[in-house]
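Q: entry16.pdb is the file, holding PDB, C-alpha atoms, pLDDT in the B column:
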ATOM      1  CA  MET A  29     -61.141 125.749  72.156  1.00 95.00           C
ATOM      2  CA  ARG A  30     -57.511 124.648  71.809  1.00 97.00           C
ATOM      3  CA  ILE A  31     -55.572 122.852  74.560  1.00 98.00           C
ATOM      4  CA  ALA A  32     -51.794 122.396  74.718  1.00 98.00           C
ATOM      5  CA  VAL A  33     -50.563 119.007  75.951  1.00 98.00           C
ATOM      6  CA  LEU A  34     -46.995 118.693  77.201  1.00 98.00           C
ATOM      7  CA  ALA A  35     -45.660 115.822  75.082  1.00 98.00           C
ATOM      8  CA  LEU A  36     -42.101 115.347  76.292  1.00 96.00           C
ATOM      9  CA  GLN A  37     -42.700 112.035  78.026  1.00 93.00           C
ATOM     10  CA  GLY A  38     -45.495 110.171  79.773  1.00 91.00           C
ATOM     11  CA  ALA A  39     -49.232 109.644  79.240  1.00 89.00           C
ATOM     12  CA  PHE A  40     -49.937 112.606  76.952  1.00 96.00           C
ATOM     13  CA  ILE A  41     -51.669 110.642  74.164  1.00 96.00           C
ATOM     14  CA  GLU A  42     -54.411 109.462  76.522  1.00 96.00           C
ATOM     15  CA  HIS A  43     -55.189 113.085  77.461  1.00 97.00           C
ATOM     16  CA  GLU A  44     -55.304 114.043  73.789  1.00 98.00           C
ATOM     17  CA  GLN A  45     -57.708 111.195  73.077  1.00 97.00           C
ATOM     18  CA  MET A  46     -59.948 112.189  76.005  1.00 97.00           C
ATOM     19  CA  LEU A  47     -60.071 115.824  74.865  1.00 97.00           C
ATOM     20  CA  GLN A  48     -60.683 114.867  71.234  1.00 97.00           C
ATOM     21  CA  HIS A  49     -63.543 112.631  72.428  1.00 96.00           C
ATOM     22  CA  LEU A  50     -64.980 115.782  74.035  1.00 97.00           C
ATOM     23  CA  GLY A  51     -64.640 117.672  70.740  1.00 97.00           C
ATOM     24  CA  VAL A  52     -61.636 119.754  71.785  1.00 97.00           C
ATOM     25  CA  GLU A  53     -58.672 120.514  69.532  1.00 98.00           C
ATOM     26  CA  THR A  54     -55.267 119.673  71.023  1.00 98.00           C
ATOM     27  CA  PHE A  55     -51.666 120.223  70.054  1.00 98.00           C
ATOM     28  CA  GLU A  56     -48.439 118.830  71.459  1.00 98.00           C
ATOM     29  CA  VAL A  57     -45.791 120.961  73.132  1.00 98.00           C
ATOM     30  CA  ARG A  58     -42.287 119.625  72.484  1.00 98.00           C
ATOM     31  CA  GLN A  59     -40.300 122.827  71.910  1.00 97.00           C
ATOM     32  CA  GLN A  60     -40.502 126.599  72.371  1.00 96.00           C
ATOM     33  CA  SER A  61     -42.118 127.221  68.985  1.00 97.00           C
ATOM     34  CA  ASP A  62     -44.976 124.896  70.001  1.00 98.00           C
ATOM     35  CA  TRP A  63     -45.503 126.886  73.178  1.00 98.00           C
ATOM     36  CA  GLN A  64     -45.950 130.102  71.183  1.00 97.00           C
ATOM     37  CA  GLN A  65     -49.168 128.795  69.582  1.00 97.00           C
ATOM     38  CA  PRO A  66     -52.515 130.162  70.812  1.00 97.00           C
ATOM     39  CA  LYS A  67     -53.968 128.034  73.622  1.00 97.00           C
ATOM     40  CA  ASP A  68     -56.825 128.050  76.098  1.00 97.00           C
ATOM     41  CA  GLY A  69     -55.203 125.706  78.610  1.00 98.00           C
ATOM     42  CA  LEU A  70     -52.436 123.216  79.302  1.00 98.00           C
ATOM     43  CA  ILE A  71     -52.319 119.555  80.335  1.00 98.00           C
ATOM     44  CA  LEU A  72     -49.270 118.335  82.269  1.00 98.00           C
ATOM     45  CA  PRO A  73     -49.521 114.528  81.999  1.00 98.00           C
ATOM     46  CA  GLY A  74     -48.335 111.698  84.172  1.00 94.00           C
ATOM     47  CA  GLY A  75     -44.973 110.128  83.516  1.00 93.00           C
ATOM     48  CA  GLU A  76     -41.608 110.643  85.170  1.00 93.00           C
ATOM     49  CA  SER A  77     -41.517 114.064  86.827  1.00 93.00           C
ATOM     50  CA  THR A  78     -37.718 114.259  87.058  1.00 93.00           C
ATOM     51  CA  VAL A  79     -37.337 113.564  83.336  1.00 95.00           C
ATOM     52  CA  GLN A  80     -40.084 116.026  82.432  1.00 96.00           C
ATOM     53  CA  MET A  81     -38.543 118.798  84.569  1.00 96.00           C
ATOM     54  CA  ARG A  82     -35.069 118.188  83.139  1.00 96.00           C
ATOM     55  CA  LEU A  83     -36.463 118.404  79.590  1.00 97.00           C
ATOM     56  CA  LEU A  84     -38.469 121.552  80.412  1.00 97.00           C
ATOM     57  CA  ARG A  85     -35.239 123.208  81.554  1.00 97.00           C
ATOM     58  CA  GLN A  86     -33.129 121.942  78.614  1.00 97.00           C
ATOM     59  CA  LEU A  87     -35.696 123.090  76.065  1.00 97.00           C
ATOM     60  CA  GLY A  88     -36.184 126.515  77.654  1.00 97.00           C
ATOM     61  CA  LEU A  89     -39.847 125.777  78.359  1.00 98.00           C
ATOM     62  CA  MET A  90     -39.840 125.936  82.154  1.00 97.00           C
ATOM     63  CA  GLU A  91     -39.982 129.705  82.605  1.00 97.00           C
ATOM     64  CA  PRO A  92     -42.493 130.476  79.804  1.00 98.00           C
ATOM     65  CA  ILE A  93     -44.841 127.760  81.073  1.00 98.00           C
ATOM     66  CA  ARG A  94     -44.443 128.878  84.699  1.00 98.00           C
ATOM     67  CA  ARG A  95     -45.053 132.527  83.753  1.00 98.00           C
ATOM     68  CA  ASP A  96     -48.182 131.754  81.730  1.00 98.00           C
ATOM     69  CA  ILE A  97     -49.650 129.589  84.528  1.00 98.00           C
ATOM     70  CA  LEU A  98     -48.977 132.329  87.085  1.00 97.00           C
ATOM     71  CA  GLU A  99     -50.660 134.798  84.700  1.00 97.00           C
ATOM     72  CA  GLY A 100     -53.816 132.668  84.720  1.00 96.00           C
ATOM     73  CA  LEU A 101     -53.460 130.011  82.020  1.00 97.00           C
ATOM     74  CA  PRO A 102     -55.687 127.080  83.096  1.00 98.00           C
ATOM     75  CA  VAL A 103     -53.683 123.927  83.758  1.00 98.00           C
ATOM     76  CA  PHE A 104     -54.530 120.335  84.633  1.00 98.00           C
ATOM     77  CA  GLY A 105     -51.670 118.299  86.088  1.00 98.00           C
ATOM     78  CA  THR A 106     -52.061 114.554  86.612  1.00 97.00           C
ATOM     79  CA  CYS A 107     -49.649 112.419  88.673  1.00 95.00           C
ATOM     80  CA  ALA A 108     -46.223 113.684  87.508  1.00 96.00           C
ATOM     81  CA  GLY A 109     -48.024 116.809  86.286  1.00 97.00           C
ATOM     82  CA  MET A 110     -49.192 117.421  89.866  1.00 97.00           C
ATOM     83  CA  ILE A 111     -45.586 117.086  91.052  1.00 97.00           C
ATOM     84  CA  LEU A 112     -44.477 119.633  88.422  1.00 97.00           C
ATOM     85  CA  LEU A 113     -46.995 122.173  89.743  1.00 98.00           C
ATOM     86  CA  ALA A 114     -45.840 121.752  93.368  1.00 97.00           C
ATOM     87  CA  GLU A 115     -43.425 123.801  95.453  1.00 94.00           C
ATOM     88  CA  GLY A 116     -39.815 123.132  94.546  1.00 91.00           C
ATOM     89  CA  TRP A 117     -40.704 122.334  90.928  1.00 95.00           C
ATOM     90  CA  LEU A 118     -42.631 124.855  88.777  1.00 97.00           C
ATOM     91  CA  GLY A 119     -43.999 126.137  92.075  1.00 96.00           C
ATOM     92  CA  THR A 120     -47.322 127.454  90.775  1.00 98.00           C
ATOM     93  CA  MET A 121     -49.488 125.548  93.293  1.00 98.00           C
ATOM     94  CA  ASP A 122     -49.181 125.894  97.045  1.00 98.00           C
ATOM     95  CA  ILE A 123     -48.745 122.172  97.670  1.00 98.00           C
ATOM     96  CA  ARG A 124     -46.013 119.855  98.890  1.00 97.00           C
ATOM     97  CA  VAL A 125     -46.092 116.360  97.436  1.00 97.00           C
ATOM     98  CA  ARG A 126     -44.664 112.977  98.311  1.00 92.00           C
ATOM     99  CA  ARG A 127     -43.429 111.316  95.141  1.00 90.00           C
ATOM    100  CA  ASN A 128     -44.101 107.579  94.667  1.00 80.00           C
ATOM    101  CA  ALA A 129     -46.063 107.729  97.916  1.00 81.00           C
ATOM    102  CA  TYR A 130     -47.842 104.450  97.247  1.00 74.00           C
ATOM    103  CA  GLY A 131     -44.703 102.585  96.249  1.00 65.00           C
ATOM    104  CA  ARG A 132     -43.402 101.340  92.956  1.00 62.00           C
ATOM    105  CA  GLN A 133     -45.378  99.950  90.018  1.00 58.00           C
ATOM    106  CA  LEU A 134     -46.611  97.030  92.149  1.00 54.00           C
ATOM    107  CA  GLY A 135     -48.169  99.584  94.508  1.00 61.00           C
ATOM    108  CA  SER A 136     -50.544 100.762  91.779  1.00 84.00           C
ATOM    109  CA  PHE A 137     -54.275 100.495  92.554  1.00 90.00           C
ATOM    110  CA  HIS A 138     -57.722 101.743  91.617  1.00 94.00           C
ATOM    111  CA  ALA A 139     -60.124 103.616  93.894  1.00 96.00           C
ATOM    112  CA  THR A 140     -63.303 105.662  93.622  1.00 97.00           C
ATOM    113  CA  ALA A 141     -64.073 108.743  95.670  1.00 97.00           C
ATOM    114  CA  THR A 142     -65.945 112.020  95.679  1.00 98.00           C
ATOM    115  CA  VAL A 143     -64.241 114.986  93.997  1.00 98.00           C
ATOM    116  CA  GLU A 144     -65.573 118.396  95.003  1.00 97.00           C
ATOM    117  CA  GLY A 145     -67.099 120.127  91.996  1.00 95.00           C
ATOM    118  CA  VAL A 146     -67.105 116.896  89.980  1.00 96.00           C
ATOM    119  CA  GLY A 147     -69.251 114.309  91.742  1.00 97.00           C
ATOM    120  CA  THR A 148     -69.245 110.982  93.516  1.00 97.00           C
ATOM    121  CA  GLU A 149     -67.766 107.643  92.532  1.00 97.00           C
ATOM    122  CA  VAL A 150     -65.035 109.267  90.436  1.00 98.00           C
ATOM    123  CA  PRO A 151     -62.702 106.491  89.174  1.00 97.00           C
ATOM    124  CA  MET A 152     -59.098 106.993  90.250  1.00 97.00           C
ATOM    125  CA  PRO A 153     -56.319 104.859  88.707  1.00 95.00           C
ATOM    126  CA  PHE A 154     -53.148 105.334  90.789  1.00 93.00           C
ATOM    127  CA  ILE A 155     -49.858 104.328  89.129  1.00 90.00           C
ATOM    128  CA  ARG A 156     -46.709 104.854  91.235  1.00 87.00           C
ATOM    129  CA  ALA A 157     -48.715 107.787  92.499  1.00 91.00           C
ATOM    130  CA  PRO A 158     -47.783 110.734  94.639  1.00 93.00           C
ATOM    131  CA  TYR A 159     -50.116 112.398  97.105  1.00 95.00           C
ATOM    132  CA  ILE A 160     -50.273 115.877  98.544  1.00 97.00           C
ATOM    133  CA  GLU A 161     -48.560 115.956 101.927  1.00 96.00           C
ATOM    134  CA  GLU A 162     -49.560 119.518 102.651  1.00 96.00           C
ATOM    135  CA  VAL A 163     -51.590 122.375 101.236  1.00 97.00           C
ATOM    136  CA  VAL A 164     -49.513 125.369 102.297  1.00 96.00           C
ATOM    137  CA  SER A 165     -51.903 128.289 101.744  1.00 96.00           C
ATOM    138  CA  ALA A 166     -55.594 129.092 101.813  1.00 96.00           C
ATOM    139  CA  ARG A 167     -55.420 129.879  98.062  1.00 96.00           C
ATOM    140  CA  CYS A 168     -55.262 126.140  97.405  1.00 98.00           C
ATOM    141  CA  ARG A 169     -57.949 123.720  98.549  1.00 97.00           C
ATOM    142  CA  PRO A 170     -58.112 119.954  98.634  1.00 98.00           C
ATOM    143  CA  ILE A 171     -60.939 118.561  96.501  1.00 98.00           C
ATOM    144  CA  ALA A 172     -60.480 114.795  97.018  1.00 98.00           C
ATOM    145  CA  THR A 173     -58.973 112.407  99.532  1.00 97.00           C
ATOM    146  CA  VAL A 174     -58.368 108.667  99.558  1.00 96.00           C
ATOM    147  CA  ASP A 175     -57.468 106.846 102.774  1.00 93.00           C
ATOM    148  CA  GLY A 176     -56.800 110.148 104.530  1.00 95.00           C
ATOM    149  CA  HIS A 177     -54.402 111.466 101.864  1.00 96.00           C
ATOM    150  CA  ILE A 178     -55.120 114.452  99.620  1.00 98.00           C
ATOM    151  CA  VAL A 179     -55.170 113.190  96.030  1.00 98.00           C
ATOM    152  CA  ALA A 180     -56.616 116.229  94.232  1.00 98.00           C
ATOM    153  CA  ALA A 181     -56.476 119.976  94.764  1.00 98.00           C
ATOM    154  CA  ARG A 182     -57.526 123.160  93.062  1.00 98.00           C
ATOM    155  CA  GLN A 183     -55.968 126.619  93.138  1.00 97.00           C
ATOM    156  CA  GLY A 184     -57.377 129.324  90.919  1.00 96.00           C
ATOM    157  CA  ARG A 185     -57.335 127.863  87.405  1.00 97.00           C
ATOM    158  CA  GLN A 186     -55.067 124.971  88.361  1.00 98.00           C
ATOM    159  CA  ILE A 187     -56.284 121.429  89.006  1.00 98.00           C
ATOM    160  CA  ALA A 188     -53.925 118.704  90.181  1.00 98.00           C
ATOM    161  CA  THR A 189     -54.641 115.010  90.678  1.00 98.00           C
ATOM    162  CA  ALA A 190     -52.405 112.228  91.979  1.00 97.00           C
ATOM    163  CA  PHE A 191     -54.276 109.773  89.783  1.00 96.00           C
ATOM    164  CA  HIS A 192     -54.838 109.337  86.042  1.00 96.00           C
ATOM    165  CA  PRO A 193     -58.401 110.318  85.032  1.00 96.00           C
ATOM    166  CA  GLU A 194     -57.435 110.016  81.365  1.00 96.00           C
ATOM    167  CA  LEU A 195     -57.137 106.231  81.726  1.00 94.00           C
ATOM    168  CA  ASP A 196     -60.666 105.437  82.881  1.00 91.00           C
ATOM    169  CA  GLY A 197     -63.071 106.954  80.371  1.00 90.00           C
ATOM    170  CA  ASP A 198     -64.780 109.203  82.965  1.00 96.00           C
ATOM    171  CA  THR A 199     -64.740 112.691  81.435  1.00 97.00           C
ATOM    172  CA  ARG A 200     -65.857 114.715  84.469  1.00 97.00           C
ATOM    173  CA  LEU A 201     -62.433 116.023  85.550  1.00 97.00           C
ATOM    174  CA  HIS A 202     -61.518 116.963  81.995  1.00 97.00           C
ATOM    175  CA  ARG A 203     -64.874 118.749  81.693  1.00 97.00           C
ATOM    176  CA  LEU A 204     -64.115 120.708  84.893  1.00 96.00           C
ATOM    177  CA  PHE A 205     -60.778 121.723  83.396  1.00 97.00           C
ATOM    178  CA  LEU A 206     -62.457 122.735  80.124  1.00 97.00           C
ATOM    179  CA  GLU A 207     -65.048 124.830  81.988  1.00 93.00           C
ATOM    180  CA  GLN A 208     -62.307 126.924  83.567  1.00 87.00           C
ATOM    181  CA  SER A 209     -60.473 127.099  80.228  1.00 83.00           C
ATOM    182  CA  SER A 210     -63.556 128.299  78.367  1.00 78.00           C
ATOM    183  CA  SER A 211     -64.052 131.085  80.905  1.00 64.00           C
ATOM    184  CA  LEU A 212     -61.009 132.791  79.343  1.00 53.00           C
ATOM    185  CA  ARG A 213     -62.902 133.434  76.117  1.00 47.00           C
TER
END
Represent the structure from my file as structure tokens, please.
A:
Amino acid sequence: MRIAVLALQGAFIEHEQMLQHLGVETFEVRQQSDWQQPKDGLILPGGESTVQMRLLRQLGLMEPIRRDILEGLPVFGTCAGMILLAEGWLGTMDIRVRRNAYGRQLGSFHATATVEGVGTEVPMPFIRAPYIEEVVSARCRPIATVDGHIVAARQGRQIATAFHPELDGDTRLHRLFLEQSSSLR
């Protein structure tokens, strides 16, 4: 299995380390030639969503990535990656998000909650995190909430979290992503 990790900005190295710990080969996507490599899935990491989207457009990566996700490429978006998947951005998930919903860096916190399909007591580091304001179609379903806000959702082969599972050592969400990626083979 081979997973592409968007490496334009943000917490991509932590995702690579998590996947390598699970025995999965990764490669970084920084330009169009990287995107042309064979892949079984894509990670959209946390970071600054506005910067990532601007770079996706400048590098000509936005449309190829959007097309491949809509054609069924498994994707896991965390924090800024969740924002990129939302309506008004890449628009591949039927969600509306509130950016920086928990405030600035000082509003960062840690929680644990149940994630449908993953388990209980899932660690959730939130760093200047968004949350999902609305799931706008039945194709998308919330899979976790914290304090009444949707913080994770799933639509087809897309998983989005408002938090950073790559920072806590718990591999369950990455394993869920890999399960849907391996079903392509």
Q: Taking the file as shown, find all residues satisfying the PyMOL selection byres ((chain A and resi 106) around 6) and write them as a CSV table (one decimal) with C-alpha atoms, in the coordinates of the input.
A:
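The result, written out as expr.csv:
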chain,number,residue,atom,x,y,z
A,73,PRO,CA,-49.5,114.5,82.0
A,74,GLY,CA,-48.3,111.7,84.2
A,105,GLY,CA,-51.7,118.3,86.1
A,107,CYS,CA,-49.6,112.4,88.7
A,108,ALA,CA,-46.2,113.7,87.5
A,109,GLY,CA,-48.0,116.8,86.3
A,110,MET,CA,-49.2,117.4,89.9
A,188,ALA,CA,-53.9,118.7,90.2
A,189,THR,CA,-54.6,115.0,90.7
A,190,ALA,CA,-52.4,112.2,92.0
A,192,HIS,CA,-54.8,109.3,86.0
Q: Find the spatial neighbours of Val143 (chain A), counting all atoms listed in the file, within a cut-off of 10 Å - ignore same-chain residues fewer than 3 positions away - and output them as a VMD selection string.
A: chain A and resid 140 146 to 151 170 to 173 179 to 181 200 to 201
Q: Please, what distance in Å, to one decimal, runs between CA of Leu87 (chain A) and CA of Val33 (chain A)?
A: 15.4 Å
Q: Quick one: everything within 8 Å of region 162-165 of chain A, counting only C-alpha atoms, minus sequence neighbours fewer than 4 positions away in the same chain. Send it as a PyMOL selection string.
A: chain A and resi 122-125+169-170
Q: Quick one: which residues end up in the PyMOL selection byres ((chain A and resi 127) around 9) for this structure, as JSON, numbers by chain?
A: {"A": [77, 108, 111, 125, 126, 128, 129, 130, 131, 156, 157, 158, 159, 160]}
Q: Have a look at A:Glu76, A:Asp175, A:Glu91, A:Asp68 and name the one nearest to Val103 (chain A); count all atoms listed in the file.
A: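 Answer, going by the shortest atom-to-atom distance: A:Asp68.
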Q: With all atoms listed in the file as the counted atoms, please give the residues lying no more than 10 Å from Leu98 (chain A), apart from itself and same-chain residues fewer than 4 positions off, as a compact mmCIF listing (two decimals) with C-alpha atoms, in the coordinates of the input.
A:
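Saved as result.txt:
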# COMPACT_ATOMS: atom_id res chain seq x y z
CA PRO A 92 -42.49 130.48 79.80
CA ILE A 93 -44.84 127.76 81.07
CA ARG A 94 -44.44 128.88 84.70
CA PRO A 102 -55.69 127.08 83.10
CA LEU A 118 -42.63 124.86 88.78
CA GLY A 119 -44.00 126.14 92.08
CA THR A 120 -47.32 127.45 90.78
CA MET A 121 -49.49 125.55 93.29
CA GLY A 184 -57.38 129.32 90.92
CA ARG A 185 -57.34 127.86 87.40
CA GLN A 186 -55.07 124.97 88.36
Q: At what distance in Å, to one decimal, does CA of Leu84 (chain A) lie from CA of Leu195 (chain A)?
A: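 Straight-line distance from CA of Leu195 (chain A) to CA of Leu84 (chain A) works out to 24.2 Å.
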